[in-house]
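Here is the structure we will look at, set down as structure tokens.
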Amino acid sequence: MLQELIASYNYIIVVVIMMIGLWAMLAKQNLIKKCIGMAIFQTGIILFYISMGAKKGSTLPILEHAHDGAHHAVVAAHYANPLTQILMLTAIVVGVATLGVALTLAQKVYQQNRSYHEDKILEKLSK
Amino acid sequence: MSTQAPVLMIIAPLIASIFITLIGWFRPKFSHPIAVISLLISSIASIQVFQMVLSNGPQQYFLGNWPAPFGIEYVIDHLNSLLLVTISVVATLVALYAKRSVEKELPDKLANYYTLFVLLVTGLLGISITGDAFNLYVLLEIAALTSYALIAFAKGRSLMATFNYVMMGSIGACFYLLGVGYLFIKTGTLNMTNLSQILVSLHMSQAVLVGFVLIILGMWVKMAFFPVHGWLSNAYTYAPTASTCLIAPLMTKVSVYVMIRVMTSVFSTEYVFNHLSWHLVVVAMASVAILVGSMMALSQRDLKKCMTYLVVAEIGYMVGGAWLGNPAGMTGATYHIIADAAMTACLFMAVGCIIYKHGHTSLDTMKGIFRKMPLTMLGFVVGMLSMIGVPPTCGFFSKWYLISGAIEAGQWHFMLALLFSSLVNAIIFFRIIEIGFFGSLGSETPDPHEHQDVAVKEAPLSMVLPMLVVAGALIGIGIYTSDIISLVIQPLISATF
């Protein structure tokens, strides 16, 4: 059991990061802190994907320039999985866009209500 | 040309969004025609694809001609062909409807508005057509980001409501992405067809189970299923009229579609209903969702807000039907996706017409509305009758299949919840009839010559006409139910069960 946990420490760290982010998104009162939580949550998922594709001692998945690449049969085990990194490039773009929208909205809410505190804003809106 | 129809459907609004920004910068009034034309192209392409599916069975389209497990493929089968037609046609009608409403509410932001409008339709169509799990996530976020902006266009209270929507929406999307990651670790593929082939041998895996749960949870957040429905009501209520008309009917329905797609195509009904034993718990949650949505709708004094809670109740219909675990329930759920998209579009368009003339939709100020806006209220009545489930309209048939599925599965609470929801819809309907038809106009004593004082102040024809088309479609879908069931839904059900 302990062996397994130590062997897959990257996933444990990722889960901890994601939970910190999720907690901030749900429980924090400050809108900016919620945005930060969202960024942490998304970063956690990005690290999750990256760490699942990483491999010790592996090389770039480019066949022609690999170590003696042209002369040997292609062994998939020698290469890092490029797909997860490509997927995460897209996910980073999506995450940045979402964060931008969220921060813009937080700023607009602040201009309107002069507060980042959720309860105070709701109090003001309910008047 | 017809071989390229699947991609043309997505590309047309995507390219239009660029042109609307560029041309709209100098000539804002051109942005609306460009949007309508692109959506018309999209509709024609989707109808063409629908006919192809009906005559030749499921279609595949490989983007860039990369074969399936490596490249991204578009898959159009019986589950999504009709949904694609519904999305593109409803979007076209809402775009026509939006012209006057947007000119009134957001006169200086036409180009920005229509850019986001067509991008949202791109996202929705893309979610429905794609056969790749990660591509679906990207399009899910395109649709979500544009819908945040479309809602936040109306300043004031919509900003805070949108902020909550952004938070919940990104939690939903992140859960989906995480679930896809779990499936990717176990299978090494993102193609849905390929996933389902590999997953057959992995039914006992815990990681696959976690992936499934995360994806379903993510979609529940996105569709505002009961415990996580809090963001929906305010976001939809305070949004600009045209945004609500587009987002309320389509966004939640597409999320339901993704849930059904994952349940039936990526996983199998064998896995969801036989291997996992908690599908009836979800049906119980759906019953609660219907009850809560209906009760909240009943307690509202504002018509638009009342309608948003009816959407929450309708989500309960579809989730419950899909998780009943028998063909009748699944038939009801898939049919109700189409029916409910048309129903909510009709109702929100009618509410939008009232907002256009009155400025707000508080129930207390709607006295004499039937005489002031007869055509709008005609559409509203048809939409509401469909919500209640009166026979010629499509609402009756979806309820019929859902209830027969509930009886077949022995889920009496779900059947009672459906009937209760019908009852509540009827109460809301008659309350509006009472206020709008019999409510006196200002004078305390009813005046027999009163109707002569009321001039007809109808919303502009460009708003009323699309609404009446949707209202007609409600009856049309109802009349052609047997065709839709036998041609579209039956092949799907026989393939999955």
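Ligands are numbered from 1 in the order shown, residues from 1 within each chain, and chains are lettered A, B, ... in the order they appear in the structure tokens.
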
*Compile the residues of chain B that lie within 9 Å of chain A, evaluated using only C-alpha atoms, and express the compilation as a PyMOL selection string.*
chain B and resi 134+137-138+141-142+145+148-149+152+155-157+159-160+162-163+166-168+170-171+174+177-178+181+185

*Leaving out Met330 in chain B and any residue of its chain fewer than 3 positions from it, which residues lie within 10 Å of it when counting only C-alpha atoms, given as a list in words?*
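Those residues are Ile260, Thr264, Met318, Val319, Gly320, Gly321, Ala322, Trp323, Leu324, Gly325, Asn326, Pro327, Ala333, Thr334, Tyr335, His336, Tyr401, Leu402, Gly405, Ile489, Leu492, Ile493, Thr496 and Phe497 of chain B.
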
*Quick one, how far is CA of Ile13 in chain A from CA of Gly218 in chain B?*
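CA of Ile13 in chain A sits 21.8 Å away from CA of Gly218 in chain B.
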
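Nearest residue to Thr43 in chain A among A:Lys55, A:Tyr9, A:Gly21, A:Lys28 is A:Gly21, counting only C-alpha atoms.
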